[in-house]
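Structure below is query_7.cif: mmCIF, C-alpha atoms.
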```cif
data_query
#
loop_
_atom_site.label_atom_id
_atom_site.label_comp_id
_atom_site.auth_asym_id
_atom_site.auth_seq_id
_atom_site.Cartn_x
_atom_site.Cartn_y
_atom_site.Cartn_z
CA MET A 1 -31.11 6.19 -14.98
CA THR A 2 -29.22 2.92 -14.62
CA SER A 3 -30.38 0.04 -12.46
CA VAL A 4 -27.51 0.75 -10.03
CA GLU A 5 -28.60 4.37 -9.62
CA ALA A 6 -32.18 3.26 -9.05
CA THR A 7 -31.15 1.00 -6.16
CA LEU A 8 -29.46 3.94 -4.43
CA LEU A 9 -32.51 6.21 -4.45
CA PRO A 10 -35.01 6.19 -1.58
CA ARG A 11 -38.58 5.27 -2.37
CA PRO A 12 -40.76 8.29 -3.22
CA THR A 13 -43.04 7.58 -0.24
CA PRO A 14 -41.58 7.09 3.26
CA VAL A 15 -41.83 3.56 4.62
CA GLN A 16 -44.79 3.19 6.98
CA LEU A 17 -46.05 0.00 8.64
CA ILE A 18 -48.53 1.51 11.13
CA ASP A 19 -50.51 4.58 10.13
CA VAL A 20 -51.30 7.60 12.33
CA SER A 21 -54.50 5.98 13.61
CA GLY A 22 -52.69 2.81 14.70
CA ALA A 23 -53.98 0.69 11.81
CA PRO A 24 -51.72 -1.71 9.84
CA HIS A 25 -50.18 -0.26 6.70
CA PRO A 26 -48.75 -3.23 4.73
CA ASP A 27 -45.51 -2.65 2.85
CA PRO A 28 -44.12 -4.79 -0.01
CA ASP A 29 -40.51 -4.57 1.20
CA TYR A 30 -40.60 -4.41 5.00
CA ALA A 31 -42.45 -6.62 7.48
CA VAL A 32 -43.84 -5.56 10.84
CA PRO A 33 -41.41 -6.62 13.59
CA PRO A 34 -42.37 -9.58 15.83
CA ALA A 35 -44.78 -9.03 18.73
CA ASP A 36 -42.06 -9.24 21.38
CA VAL A 37 -40.05 -6.51 19.64
CA LEU A 38 -43.12 -4.28 19.37
CA ARG A 39 -43.98 -4.83 23.03
CA GLU A 40 -40.43 -3.99 24.09
CA GLY A 41 -40.52 -1.01 21.76
CA TYR A 42 -43.66 0.26 23.44
CA ARG A 43 -42.11 -0.17 26.87
CA ASN A 44 -39.15 1.90 25.75
CA LEU A 45 -41.41 4.52 24.16
CA VAL A 46 -43.25 5.00 27.46
CA PHE A 47 -39.91 5.13 29.27
CA GLY A 48 -38.52 7.60 26.72
CA ARG A 49 -41.52 9.90 27.03
CA ARG A 50 -41.20 9.84 30.82
CA LEU A 51 -37.47 10.53 30.57
CA ASN A 52 -38.13 13.58 28.41
CA ASP A 53 -40.76 14.86 30.84
CA VAL A 54 -38.61 14.37 33.95
CA CYS A 55 -35.55 15.98 32.40
CA GLY A 56 -37.64 18.97 31.38
CA ALA A 57 -38.82 19.30 34.97
CA LEU A 58 -35.26 18.98 36.30
CA VAL A 59 -34.18 21.88 34.09
CA ARG A 60 -37.00 24.07 35.43
CA GLN A 61 -35.92 23.15 38.96
CA GLY A 62 -32.32 24.11 38.24
CA ARG A 63 -31.02 20.56 38.61
CA LEU A 64 -30.01 20.22 34.94
CA ALA A 65 -28.18 22.97 33.12
CA VAL A 66 -29.86 22.32 29.79
CA TYR A 67 -32.00 19.66 28.14
CA PRO A 68 -32.59 19.19 24.39
CA SER A 69 -35.91 17.36 24.38
CA SER A 70 -36.70 14.60 21.90
CA ARG A 71 -40.42 14.58 22.73
CA GLY A 72 -42.25 13.50 19.60
CA GLN A 73 -39.15 11.78 18.23
CA GLU A 74 -39.18 8.83 20.64
CA ALA A 75 -39.96 6.23 17.95
CA SER A 76 -36.73 7.05 16.12
CA GLN A 77 -34.78 7.26 19.38
CA VAL A 78 -36.02 3.92 20.67
CA ALA A 79 -35.53 2.08 17.39
CA ALA A 80 -31.94 3.36 17.19
CA GLY A 81 -31.18 2.04 20.67
CA MET A 82 -32.89 -1.32 20.15
CA VAL A 83 -31.60 -2.26 16.72
CA LEU A 84 -27.97 -2.64 17.85
CA ARG A 85 -26.23 -5.54 19.53
CA TYR A 86 -24.15 -4.89 22.65
CA GLU A 87 -20.89 -5.00 20.68
CA ASP A 88 -22.19 -2.44 18.16
CA TRP A 89 -21.47 1.25 18.70
CA LEU A 90 -23.81 4.23 18.87
CA PHE A 91 -22.52 7.71 18.01
CA PRO A 92 -25.21 10.11 19.29
CA THR A 93 -25.92 13.83 19.15
CA TYR A 94 -26.81 16.05 22.09
CA ARG A 95 -30.53 15.27 21.56
CA ASP A 96 -30.23 11.48 21.68
CA VAL A 97 -30.54 10.89 25.43
CA VAL A 98 -33.37 8.38 24.96
CA ALA A 99 -31.42 6.37 22.39
CA ILE A 100 -28.42 6.24 24.73
CA ALA A 101 -30.57 5.00 27.62
CA VAL A 102 -32.30 2.38 25.47
CA LYS A 103 -28.88 1.15 24.29
CA GLY A 104 -28.24 0.26 27.93
CA VAL A 105 -26.65 3.23 29.70
CA SER A 106 -28.24 3.96 33.10
CA THR A 107 -30.42 7.06 33.25
CA ALA A 108 -28.21 8.66 35.90
CA GLU A 109 -25.14 8.26 33.70
CA THR A 110 -27.06 9.21 30.57
CA ILE A 111 -27.81 12.69 31.92
CA GLY A 112 -24.39 13.03 33.56
CA LEU A 113 -23.12 15.38 30.88
CA LEU A 114 -26.19 17.61 31.09
CA HIS A 115 -25.98 17.52 34.88
CA GLY A 116 -22.42 18.85 34.72
CA ASN A 117 -20.66 15.68 35.87
CA TRP A 118 -17.18 14.81 34.70
CA HIS A 119 -16.48 13.79 31.11
CA SER A 120 -19.54 12.37 29.31
CA GLY A 121 -21.23 10.89 32.37
CA TYR A 122 -20.61 7.28 31.29
CA ASP A 123 -17.78 4.98 30.26
CA SER A 124 -17.93 5.01 26.46
CA ARG A 125 -15.73 1.95 26.04
CA ALA A 126 -17.81 -0.16 28.43
CA GLU A 127 -21.18 1.02 27.09
CA ARG A 128 -20.24 1.06 23.39
CA VAL A 129 -21.70 4.57 23.17
CA ALA A 130 -19.57 7.53 22.12
CA THR A 131 -19.82 10.80 24.03
CA GLN A 132 -22.68 13.07 23.05
CA SER A 133 -21.70 15.59 20.43
CA THR A 134 -22.77 19.22 20.67
CA PRO A 135 -20.93 20.45 17.52
CA LEU A 136 -22.96 19.40 14.51
CA ALA A 137 -21.78 16.41 12.45
CA THR A 138 -18.35 15.99 14.06
CA GLN A 139 -19.40 12.64 15.50
CA LEU A 140 -20.06 11.34 11.97
CA LEU A 141 -16.37 11.49 11.10
CA HIS A 142 -15.52 9.79 14.38
CA ALA A 143 -18.11 7.09 13.65
CA VAL A 144 -16.71 6.42 10.19
CA GLY A 145 -13.16 6.24 11.53
CA PHE A 146 -14.27 3.82 14.23
CA ALA A 147 -16.13 1.66 11.71
CA TYR A 148 -13.11 1.66 9.40
CA ALA A 149 -10.87 0.50 12.26
CA ALA A 150 -13.36 -2.24 13.20
CA LYS A 151 -13.41 -3.48 9.62
CA HIS A 152 -9.61 -3.38 9.45
CA ARG A 153 -9.41 -5.52 12.62
CA GLY A 154 -11.97 -7.98 11.28
CA GLU A 155 -14.49 -7.27 14.05
CA ASP A 156 -18.21 -8.00 13.74
CA THR A 157 -19.14 -4.43 14.65
CA VAL A 158 -21.72 -2.07 13.16
CA VAL A 159 -21.74 1.64 13.93
CA LEU A 160 -24.95 3.68 14.00
CA ALA A 161 -24.20 7.38 13.52
CA MET A 162 -27.06 9.69 14.44
CA CYS A 163 -27.54 13.29 13.36
CA GLY A 164 -30.24 15.86 12.73
CA ASP A 165 -31.27 17.67 9.58
CA GLY A 166 -29.05 20.63 10.47
CA ALA A 167 -25.97 18.40 10.45
CA THR A 168 -26.52 17.57 6.77
CA SER A 169 -25.63 21.19 5.96
CA GLU A 170 -22.16 20.73 7.47
CA GLY A 171 -19.10 19.70 5.48
CA ASP A 172 -18.35 16.92 7.96
CA PHE A 173 -21.54 15.14 6.90
CA HIS A 174 -20.44 14.94 3.27
CA GLU A 175 -16.87 13.98 4.10
CA ALA A 176 -18.13 11.17 6.33
CA LEU A 177 -20.47 9.78 3.67
CA ASN A 178 -17.81 9.90 0.99
CA PHE A 179 -15.17 8.12 3.08
CA ALA A 180 -17.66 5.51 4.28
CA ALA A 181 -18.76 4.71 0.74
CA VAL A 182 -15.28 4.58 -0.77
CA PHE A 183 -13.96 2.24 1.93
CA LYS A 184 -17.27 0.37 2.34
CA VAL A 185 -17.28 0.62 6.13
CA PRO A 186 -20.03 -0.88 8.34
CA VAL A 187 -21.81 2.33 9.34
CA VAL A 188 -25.46 3.40 9.17
CA PHE A 189 -26.10 7.14 8.95
CA PHE A 190 -29.39 7.90 10.69
CA VAL A 191 -30.79 11.39 10.09
CA GLN A 192 -33.69 12.47 12.29
CA ASN A 193 -35.26 15.18 10.17
CA ASN A 194 -37.35 16.99 12.77
CA GLY A 195 -38.06 19.98 10.55
CA TYR A 196 -35.75 22.57 12.08
CA ALA A 197 -32.08 23.27 12.65
CA ILE A 198 -32.84 25.33 15.76
CA SER A 199 -34.98 27.99 13.99
CA VAL A 200 -34.03 27.26 10.36
CA PRO A 201 -36.71 25.21 8.56
CA ILE A 202 -35.73 22.35 6.27
CA ALA A 203 -36.83 24.34 3.19
CA ARG A 204 -34.00 26.81 3.87
CA GLN A 205 -31.44 24.03 4.26
CA THR A 206 -31.88 22.06 1.04
CA ALA A 207 -33.71 22.12 -2.28
CA ALA A 208 -33.55 18.33 -2.55
CA PRO A 209 -36.84 16.39 -2.29
CA GLY A 210 -35.47 14.81 0.88
CA LEU A 211 -32.27 14.44 2.82
CA ALA A 212 -32.05 10.76 1.93
CA TYR A 213 -31.46 11.77 -1.69
CA LYS A 214 -28.03 13.04 -0.70
CA GLY A 215 -26.83 9.45 -0.51
CA ILE A 216 -26.85 8.87 -4.28
CA GLY A 217 -24.05 11.40 -4.78
CA TYR A 218 -21.76 9.17 -2.75
CA GLY A 219 -22.97 5.78 -3.95
CA ILE A 220 -24.83 5.03 -0.72
CA PRO A 221 -28.27 3.36 -0.78
CA SER A 222 -30.81 5.43 1.11
CA GLU A 223 -34.30 5.19 2.51
CA GLN A 224 -36.94 7.51 3.93
CA VAL A 225 -39.13 6.31 6.78
CA ASP A 226 -42.00 7.64 8.84
CA GLY A 227 -40.00 8.62 11.92
CA ASN A 228 -43.05 8.47 14.21
CA ASP A 229 -43.77 4.84 13.31
CA PHE A 230 -41.61 2.67 15.58
CA ALA A 231 -42.31 -0.48 13.59
CA ALA A 232 -41.19 1.12 10.33
CA VAL A 233 -38.07 2.76 11.77
CA TYR A 234 -37.03 -0.49 13.44
CA ALA A 235 -37.59 -2.49 10.24
CA VAL A 236 -35.64 -0.08 8.03
CA LEU A 237 -32.75 0.32 10.48
CA SER A 238 -32.60 -3.46 11.00
CA HIS A 239 -32.22 -3.93 7.26
CA SER A 240 -29.46 -1.31 7.09
CA VAL A 241 -27.63 -2.75 10.10
CA SER A 242 -27.80 -6.28 8.64
CA ARG A 243 -26.52 -4.97 5.33
CA ALA A 244 -23.56 -3.28 7.04
CA ARG A 245 -22.81 -6.39 9.11
CA SER A 246 -22.72 -8.58 6.02
CA GLY A 247 -20.04 -6.38 4.45
CA ASP A 248 -22.19 -4.43 1.98
CA GLY A 249 -21.14 -1.04 3.31
CA PRO A 250 -22.95 2.06 4.57
CA SER A 251 -26.58 3.15 4.29
CA LEU A 252 -28.36 6.46 4.81
CA VAL A 253 -31.75 6.48 6.55
CA GLU A 254 -33.84 9.63 6.91
CA ALA A 255 -36.60 9.55 9.52
CA LEU A 256 -39.29 12.17 8.99
CA THR A 257 -40.34 13.28 12.45
CA TYR A 258 -40.87 16.48 14.45
CA ARG A 259 -39.55 18.21 17.54
CA VAL A 260 -42.75 19.22 19.34
CA GLU A 261 -40.90 21.09 22.08
CA ALA A 262 -38.37 23.89 21.85
CA HIS A 263 -34.80 23.26 20.66
CA THR A 264 -33.68 23.47 24.30
CA ASN A 265 -35.00 25.17 27.40
CA ALA A 266 -33.14 28.31 26.23
CA ASP A 267 -35.09 28.47 22.96
CA ASP A 268 -38.34 30.34 22.22
CA ASP A 269 -39.85 28.29 19.40
CA THR A 270 -42.90 30.57 19.11
CA ARG A 271 -40.67 33.02 17.25
CA TYR A 272 -40.26 30.76 14.22
CA ARG A 273 -43.27 28.39 14.11
CA ASP A 274 -46.95 28.55 15.00
CA SER A 275 -48.97 26.41 17.36
CA ALA A 276 -51.12 24.92 14.57
CA GLU A 277 -48.05 23.31 13.02
CA VAL A 278 -47.04 21.81 16.36
CA ALA A 279 -50.58 20.57 17.02
CA GLU A 280 -50.63 18.78 13.65
CA TRP A 281 -47.58 16.74 14.67
CA VAL A 282 -48.79 16.13 18.22
CA ALA A 283 -51.69 14.26 16.60
CA ARG A 284 -49.11 11.90 15.05
CA ASP A 285 -47.74 10.96 18.48
CA PRO A 286 -45.55 7.84 18.23
CA VAL A 287 -46.50 6.51 21.67
CA ASP A 288 -50.24 6.67 21.05
CA ARG A 289 -49.85 5.18 17.59
CA LEU A 290 -48.08 2.05 18.76
CA ARG A 291 -50.40 1.69 21.79
CA GLN A 292 -53.45 1.70 19.54
CA TYR A 293 -51.92 -0.87 17.20
CA LEU A 294 -50.80 -3.23 19.98
CA THR A 295 -54.16 -3.03 21.73
CA ALA A 296 -56.06 -3.78 18.53
CA GLN A 297 -53.76 -6.72 17.77
CA GLY A 298 -54.18 -8.18 21.26
CA ILE A 299 -50.49 -7.73 22.06
CA LEU A 300 -51.07 -5.18 24.83
CA ASP A 301 -53.63 -5.54 27.62
CA GLU A 302 -54.51 -3.23 30.51
CA GLN A 303 -52.35 -5.05 33.04
CA THR A 304 -49.29 -5.07 30.79
CA GLU A 305 -49.75 -1.39 30.05
CA ALA A 306 -50.09 -0.62 33.76
CA ASP A 307 -46.91 -2.57 34.50
CA ILE A 308 -45.04 -0.69 31.77
CA THR A 309 -46.23 2.66 33.10
CA ALA A 310 -45.24 1.72 36.66
CA GLY A 311 -41.82 0.61 35.47
CA ALA A 312 -41.24 3.90 33.69
CA GLU A 313 -42.30 5.82 36.79
CA HIS A 314 -39.90 3.80 38.95
CA ILE A 315 -37.02 4.71 36.66
CA ALA A 316 -38.15 8.34 36.75
CA ASP A 317 -38.02 8.27 40.55
CA GLN A 318 -34.48 6.91 40.44
CA LEU A 319 -33.49 9.63 37.99
CA ARG A 320 -34.86 12.36 40.25
CA GLU A 321 -32.97 10.90 43.21
CA SER A 322 -29.70 10.77 41.28
CA ALA A 323 -30.19 14.38 40.19
CA ASN A 324 -30.35 15.39 43.87
CA LEU A 325 -26.88 13.95 44.53
CA ASN A 326 -24.43 16.81 44.19
CA ASP A 327 -21.00 15.25 43.95
CA ILE A 328 -18.17 17.58 44.90
CA PRO A 329 -15.69 17.42 42.01
CA ASN A 330 -11.96 17.18 42.60
CA PRO A 331 -10.34 20.13 40.77
CA LEU A 332 -7.27 18.00 40.07
CA ASP A 333 -9.41 15.79 37.81
CA LEU A 334 -8.99 18.57 35.25
CA PHE A 335 -5.62 17.05 34.45
CA ALA A 336 -6.41 13.37 34.92
CA HIS A 337 -8.10 12.58 31.60
CA VAL A 338 -6.35 14.75 29.03
CA TYR A 339 -3.51 12.44 27.95
CA SER A 340 -2.73 8.83 28.81
CA GLU A 341 0.72 10.11 29.85
CA PRO A 342 0.53 13.68 31.22
CA THR A 343 2.81 16.22 29.55
CA PRO A 344 5.36 18.16 31.63
CA GLN A 345 3.20 21.27 31.28
CA LEU A 346 0.13 19.50 32.64
CA LEU A 347 2.12 18.06 35.54
CA GLU A 348 3.42 21.52 36.43
CA GLN A 349 -0.05 23.06 36.19
CA SER A 350 -1.40 20.27 38.38
CA ARG A 351 1.27 20.92 41.01
CA VAL A 352 0.50 24.65 40.99
CA LEU A 353 -3.20 24.00 41.50
CA GLU A 354 -2.49 21.45 44.22
CA ARG A 355 -0.37 24.01 46.11
CA ASP A 356 -3.09 26.65 45.74
CA LEU A 357 -5.72 24.28 47.05
CA ALA A 358 -3.52 23.35 50.02
CA ARG A 359 -3.02 27.02 50.91
CA GLU A 360 -6.75 27.65 50.65
CA LEU A 361 -7.43 24.70 52.94
CA GLU A 362 -4.90 26.00 55.47
CA GLY A 363 -6.59 29.40 55.38
CA HIS A 364 -9.94 27.84 56.20
CA HIS A 365 -8.40 25.99 59.13
CA ASP A 366 -6.91 29.23 60.51
#
```
What is this structure when it is put down as structure tokens?
Amino acid sequence: MTSVEATLLPRPTPVQLIDVSGAPHPDPDYAVPPADVLREGYRNLVFGRRLNDVCGALVRQGRLAVYPSSRGQEASQVAAGMVLRYEDWLFPTYRDVVAIAVKGVSTAETIGLLHGNWHSGYDSRAERVATQSTPLATQLLHAVGFAYAAKHRGEDTVVLAMCGDGATSEGDFHEALNFAAVFKVPVVFFVQNNGYAISVPIARQTAAPGLAYKGIGYGIPSEQVDGNDFAAVYAVLSHSVSRARSGDGPSLVEALTYRVEAHTNADDDTRYRDSAEVAEWVARDPVDRLRQYLTAQGILDEQTEADITAGAEHIADQLRESANLNDIPNPLDLFAHVYSEPTPQLLEQSRVLERDLARELEGHHD
């Protein structure tokens, strides 16, 4: 193995800065983030956990059509949202609601897509967050194209492209990595390996020792990180983002984490995994881990924790209120956001619908 090949490989042991008990775990390559970053990370972890809980309740109440929970993955979600500047772009998956909210999108707009509102629920251009992607890995190609354009224009923009372990089995994943490496674009590929692609375990998806090892085939440096350790995920992603911003090209980061709840509310996870496996990962809870560390280090006291909890509950209340607002959509909006200049066919279809709606309104008046 050459020295160049060695620099591309992830370390054999995932990066960890805080162990499962909340104790420091020193690392020779990565430093624990500053206290203010850790405190803000904890605030966002508490918020993210509350967001997952509230959205799950809204689904059971029939006020959300579907919700893909990221409970247990909040450390990776929060780090992804915090590590970027405003001008940087996030390309999320359908499960990355917490990351989108931490990036700065309001909670009401964040769940707009899942609530059935128009388009993605938020203004992607204003928020610097692409629409959530339900098809696996398609957003990776979009992210690479966006990063290539930003580089071509000379912009100081980094793109963070998120995906799950299932997406690495798609051709789009490999095409995106290859293009990004060849053209040295400023993109960070962030894989949240939560153990399952719906019901398919990781062992049935790859024979590689880890998903991060896929980077070497494309000339991309890669790293594995404990995905339930906020400090470690933030440190590793920060390094990759800085590397991309300095012009050194893409990186691949694999966060080893776990989805403790079902794939979505429509999934029965008891059919493909047992409760003992879930319980093992619940014990590695990212929120508890960081709380224990911050308390022991004197960074978090009872009053600060109470304020953080109250703040998360206030946002949860606002989210519930926004979910109760049932906006009546305008059917003509179907044609308003397809092309910047509507085609003759769309204009004709719009006129037909407008006439039908007018006749229906007249019928109600009669």
Report as a compact mmCIF listing (two decimals) with C-alpha atoms, keeping the file's coordinate frame the residues that result from applying the PyMOL selection byres ((chain A and resi 130-141) around 6) to the structure here.
```
# COMPACT_ATOMS: atom_id res chain seq x y z
CA PHE A 91 -22.52 7.71 18.01
CA PRO A 92 -25.21 10.11 19.29
CA THR A 93 -25.92 13.83 19.15
CA TYR A 94 -26.81 16.05 22.09
CA SER A 120 -19.54 12.37 29.31
CA SER A 124 -17.93 5.01 26.46
CA VAL A 129 -21.70 4.57 23.17
CA HIS A 142 -15.52 9.79 14.38
CA ALA A 143 -18.11 7.09 13.65
CA VAL A 144 -16.71 6.42 10.19
CA ALA A 161 -24.20 7.38 13.52
CA ALA A 167 -25.97 18.40 10.45
CA ASP A 172 -18.35 16.92 7.96
CA PHE A 173 -21.54 15.14 6.90
CA ALA A 176 -18.13 11.17 6.33
```
Original post:
Mind telling me what the PyMOL selection byres ((chain A and resi 198) around 10) catches here, as a VMD selection string?
Top reply: chain A and resid 165 to 166 194 to 197 199 to 201 259 262 to 264 267 to 269 272
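Nearest to A:Leu252 of all the residues A:Val102, A:Ala207, A:Leu160, A:Val78 is A:Leu160, counting only C-alpha atoms.
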**OP:** Give as a PyMOL selection string the set of residues within 12 Å of the point (-21.7, 12.4, 31.8), where distances use the file's coordinates and all atoms listed in the file.
**Re:** chain A and resi 64+94+97+100+105-124+129-133
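Distance-wise, atom CA of A:Glu280 and atom CA of A:Thr295 end up 23.5 Å apart.
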Subject >> Separation of atom CA of A:Ile308 from atom CA of A:Leu290, in Å and rounded to one decimal >> reply: 13.6 Å
Original post:
So what does the PyMOL selection byres ((chain A and resi 74) around 12) actually pick up in this one, as a ChimeraX atom specification?
Top reply: /A:41-53,69-73,75-82,95-102,192,194,227-230,233-234,255,257-260,284-290
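For the pair atom CA of A:Val225 and atom CA of A:Arg39, the separation is 20.3 Å.
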Take every atom of stretch 25-39 of chain A listed in the file, pad by 3 Å on each side, and give me the axis-aligned box centre and edge lengths in Å, one decimal, as lines of an AutoDock Vina configuration file.
```
center_x = -45.1
center_y = -4.9
center_z = 11.5
size_x = 16.1
size_y = 15.3
size_z = 29.0
```
Shell around A:Asp88 at 9 Å using all atoms listed in the file, local window under 5 positions removed, as a JSON list (two decimals) with C-alpha atoms, in the coordinates of the input:
```
[["chain", "number", "residue", "atom", "x", "y", "z"],
["A", 128, "ARG", "CA", -20.24, 1.06, 23.39],
["A", 129, "VAL", "CA", -21.70, 4.57, 23.17],
["A", 156, "ASP", "CA", -18.21, -8.00, 13.74],
["A", 157, "THR", "CA", -19.14, -4.43, 14.65],
["A", 158, "VAL", "CA", -21.72, -2.07, 13.16],
["A", 159, "VAL", "CA", -21.74, 1.64, 13.93],
["A", 160, "LEU", "CA", -24.95, 3.68, 14.00]]
```
Subject >> Shortest interatomic distance to A:Thr7 - which of A:Ser222, A:Gln303, A:Asn330, A:Ser246, counting only C-alpha atoms >> reply: A:Ser222
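Nearest-residue note for A:Gly247: choosing from A:Gly171, A:Pro329, A:Gly154, A:Gly217, the minimum distance belongs to A:Gly154, counting all atoms listed in the file.
Ranking A:Glu254, A:Glu313, A:Glu40, A:Asp248 by their shortest atom-to-atom distance to A:Glu223, with all atoms listed in the file included, puts A:Glu254 first.
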Subject >> Residues near A:Ala6, cut-off 12 Å, only C-alpha atoms, skip fewer than 6 positions along chain, as a VMD selection string >> reply: chain A and resid 12 213 215 to 216 219 to 223
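Nearest-residue note for A:Arg291: choosing from A:Val20, A:Leu9, A:Val236, A:Ala181, the minimum distance belongs to A:Val20, counting only C-alpha atoms.
If all atoms listed in the file are the atoms counted, then among A:Glu155, A:Ser322, A:His239, A:Met162 the closest residue to A:Ala31 is A:His239.
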Can you take the partial stretch 247-254 of chain A, add all heavy atoms, and return it as a PDB file, keeping the file's coordinate frame?
```pdb
ATOM      1  N   GLY A 247     -21.148  -6.868   5.250  1.00  0.00           N
ATOM      2  CA  GLY A 247     -20.040  -6.380   4.450  1.00  0.00           C
ATOM      3  C   GLY A 247     -20.434  -5.573   3.233  1.00  0.00           C
ATOM      4  O   GLY A 247     -19.589  -5.285   2.372  1.00  0.00           O
ATOM      5  N   ASP A 248     -21.712  -5.171   3.151  1.00  0.00           N
ATOM      6  CA  ASP A 248     -22.190  -4.430   1.980  1.00  0.00           C
ATOM      7  C   ASP A 248     -22.045  -2.914   2.104  1.00  0.00           C
ATOM      8  O   ASP A 248     -22.498  -2.176   1.234  1.00  0.00           O
ATOM      9  CB  ASP A 248     -23.654  -4.788   1.699  1.00  0.00           C
ATOM     10  CG  ASP A 248     -23.806  -6.226   1.233  1.00  0.00           C
ATOM     11  OD1 ASP A 248     -22.867  -6.730   0.591  1.00  0.00           O
ATOM     12  OD2 ASP A 248     -24.848  -6.842   1.526  1.00  0.00           O
ATOM     13  N   GLY A 249     -21.456  -2.448   3.200  1.00  0.00           N
ATOM     14  CA  GLY A 249     -21.140  -1.040   3.310  1.00  0.00           C
ATOM     15  C   GLY A 249     -22.224  -0.193   3.959  1.00  0.00           C
ATOM     16  O   GLY A 249     -23.178  -0.706   4.554  1.00  0.00           O
ATOM     17  N   PRO A 250     -22.084   1.133   3.846  1.00  0.00           N
ATOM     18  CA  PRO A 250     -22.950   2.060   4.570  1.00  0.00           C
ATOM     19  C   PRO A 250     -24.327   2.241   3.934  1.00  0.00           C
ATOM     20  O   PRO A 250     -24.535   1.921   2.763  1.00  0.00           O
ATOM     21  CB  PRO A 250     -22.161   3.379   4.506  1.00  0.00           C
ATOM     22  CG  PRO A 250     -21.414   3.284   3.214  1.00  0.00           C
ATOM     23  CD  PRO A 250     -21.034   1.832   3.074  1.00  0.00           C
ATOM     24  N   SER A 251     -25.246   2.758   4.749  1.00  0.00           N
ATOM     25  CA  SER A 251     -26.580   3.150   4.290  1.00  0.00           C
ATOM     26  C   SER A 251     -26.913   4.502   4.908  1.00  0.00           C
ATOM     27  O   SER A 251     -26.336   4.902   5.924  1.00  0.00           O
ATOM     28  CB  SER A 251     -27.640   2.131   4.718  1.00  0.00           C
ATOM     29  OG  SER A 251     -27.371   0.844   4.222  1.00  0.00           O
ATOM     30  N   LEU A 252     -27.858   5.193   4.290  1.00  0.00           N
ATOM     31  CA  LEU A 252     -28.360   6.460   4.810  1.00  0.00           C
ATOM     32  C   LEU A 252     -29.862   6.343   5.006  1.00  0.00           C
ATOM     33  O   LEU A 252     -30.597   6.018   4.068  1.00  0.00           O
ATOM     34  CB  LEU A 252     -28.043   7.603   3.835  1.00  0.00           C
ATOM     35  CG  LEU A 252     -28.660   8.976   4.133  1.00  0.00           C
ATOM     36  CD1 LEU A 252     -28.158   9.518   5.461  1.00  0.00           C
ATOM     37  CD2 LEU A 252     -28.357   9.962   3.010  1.00  0.00           C
ATOM     38  N   VAL A 253     -30.320   6.557   6.230  1.00  0.00           N
ATOM     39  CA  VAL A 253     -31.750   6.480   6.550  1.00  0.00           C
ATOM     40  C   VAL A 253     -32.202   7.837   7.068  1.00  0.00           C
ATOM     41  O   VAL A 253     -31.603   8.396   7.997  1.00  0.00           O
ATOM     42  CB  VAL A 253     -32.035   5.402   7.611  1.00  0.00           C
ATOM     43  CG1 VAL A 253     -33.515   5.410   7.990  1.00  0.00           C
ATOM     44  CG2 VAL A 253     -31.616   4.029   7.106  1.00  0.00           C
ATOM     45  N   GLU A 254     -33.248   8.373   6.464  1.00  0.00           N
ATOM     46  CA  GLU A 254     -33.840   9.630   6.910  1.00  0.00           C
ATOM     47  C   GLU A 254     -35.194   9.347   7.550  1.00  0.00           C
ATOM     48  O   GLU A 254     -36.092   8.805   6.899  1.00  0.00           O
ATOM     49  CB  GLU A 254     -34.026  10.600   5.744  1.00  0.00           C
ATOM     50  CG  GLU A 254     -34.719  11.898   6.140  1.00  0.00           C
ATOM     51  CD  GLU A 254     -35.145  12.752   4.949  1.00  0.00           C
ATOM     52  OE1 GLU A 254     -35.025  12.270   3.804  1.00  0.00           O
ATOM     53  OE2 GLU A 254     -35.608  13.886   5.178  1.00  0.00           O
TER      54      GLU A 254
END
```
